[in-house]
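Heads up, the thing below is written out as structure tokens.
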Amino acid sequence: MPSEVIDARQEHLFHPRRRAAIRRRLLGWYDRYRRDLPWRRRPNDGYAQLLAEVMLQQTQAATASAYYERLIERFPTVDALADASLDDVLTLWSGLGYYRRARHLHAAARIIVAEHGSIVPADVDTLMALPGIGRYTAGAIASVAYDVRAPVLDGNVKRVLMRLSADASDPRDPVVQVRLWQAAEELLPRKRCGDFNQAMMELGATVCVPRSPNCSACPLCNHCRAYGEGLTGRIPAAGRRAKVSVMTIVVAAIKRGDTLLLVRRPPGGLWAGLWELPSEPVADGEPIEQVRRRLRERLPARCRLRTTPVGHVTRQLTHRRVMFHVYQGWLSGLVSVRKIGGQPARWVKPANVAGLGISRACQAVLQLVCPGGSSAS
């Protein structure tokens with residue numbers, strides 16, 4: 001469809017009277033059907049919205065809710081979060097994935113305490129200056145907590161807007177992105193901005209879903225051009241799936257009595273800053289035995305490592321499949337190990353691993369070597 005046709009349709013769609021009708025119907029639907037999500041119980045609390053929106057950047061609300069309640073109970077204020085150690089934050093975040101969000105959240109809390117008097121800013125530009133806060137997250141925090149007239153544009157809102165206007169363009173196109181931000185701002189009312197933004201996201205998450213949308217339950221179906229023209233299944237245009245890469249890692253499960261040797265990952269890259277069993281990545285075409293020997297050389301001198309793996313664990317990440325080759329080993333004597341390869345290391349009982357920040361992939365490997373004794377809550 002030519003861009004000038006799409007633009008003309010959007011101009012007509014967001015005529016003042018049409019905008020007013022969309023706002024009225026959508027807010028009425030939201031008041032009646034919105035989900036009882038924990039952060040909505042503290043709607044005027046900037047810290048609660050900061051915590052929720054950082055979690056929701058790459059996690060669905062149903063999954064984020066339990067983690068949110070754990071973190072808000074442990075760190076009820078931004079001061080409490082700022083005073084906590086990063087280890088404490090990562091431990092409670094463990095299993096939620098995308099751990100960079102937790103590090104950004106912790107850093108943002110410390111900036112808010114130090115530079116903003118422990119008050120989460122209401123200004124969008126000031127929020128965007130915080131670590132890990134982009135335009136969407138800043139707009140969500142400002143509008144929901146402070147009723148600032150700031151638009152939001154996540155995947156759900158994009159889908160709703162594009163179906164309303166029967167826009168079959170590629171939503172990743174920068175020109176389309178600009179157009180969608182403009183449309184989101186045009187539709188935003190002067191009052192109840194936070195409720196309207198949440199209603200748009202709620203509609204996309206529960207009714208105007210990517211596949212088989214429930215159009216009969218949609219409060220905006222009479223205003224939806226994609227519905228009227230039978231195009232909801234084709235809008236937004238399907239994007240190309242990212243190629244899944246394969247990564248292989250050799251892991252050493254070193255025991256000393258009833259403890260396991262854990263090491264902290266470097267501060268950058270995959271699973272940054274989390275704890276894991278000592279490991280070594282396998283380069284393309286590199287023999288596994290060669291990597292096992294290289295890993296052995298990094299371990300304390302008195303460690304022994306078996307030459308055959310105890311098993312294998314495969315984990316599917318978003319765009320990556322990871323295969324772990326797990327080798328058991330042991331260390332005799334009370335040897336103190338504080339660092340491995342320059343990274344902090346420690347001996348931990350499997351039952352106490354839940355008190356550390358570890359990834360789900362590490363949990364799966366630990367279940368192989370210590371069944372039932374290493375699950376994080």
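By convention here, the chains of the structure tokens are called A, B, ... in the order presented, each chain's residues are numbered starting at 1, and ligands are numbered starting at 1 in the order presented.
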
query: Mind checking DSSP for segment 257-377 of chain A and telling me the strand (DSSP E or B) residues as a ChimeraX atom specification?
result: /A:259-264,275-276,279-282,303-305,311-316,320-331,339-340,343-348,358

message: Please list as a PyMOL selection string every residue within 8 Å of Ala364 of chain A, counting only C-alpha atoms and excluding residues in the same chain fewer than 4 positions away.
response: chain A and resi 313+360+368

field: Spatial neighbours of Asn156 of chain A, max dist 6 Å, only C-alpha atoms, sep filter under 2 positions, as an MDAnalysis selection string
entry: chainID A and resid 154 158:159 201 204

Store the residues picked out above, limited to C-alpha atoms, as a PDB file, in the first residue's frame.
ATOM      1  CA  ASP A 154       5.840  -0.975  22.699  1.00  0.00           C
ATOM      2  CA  LYS A 158       2.364  -0.656  17.620  1.00  0.00           C
ATOM      3  CA  ARG A 159       0.075  -3.538  16.710  1.00  0.00           C
ATOM      4  CA  MET A 201      -0.895  -1.890  26.100  1.00  0.00           C
ATOM      5  CA  GLY A 204      -2.656  -5.369  22.647  1.00  0.00           C
TER       6      GLY A 204
END

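Restricting the calculation to only C-alpha atoms, the smallest distance between Arg302 of chain A and any of A:Ala61, A:Leu331, A:Ile112, A:Ala351 is found for A:Leu331.
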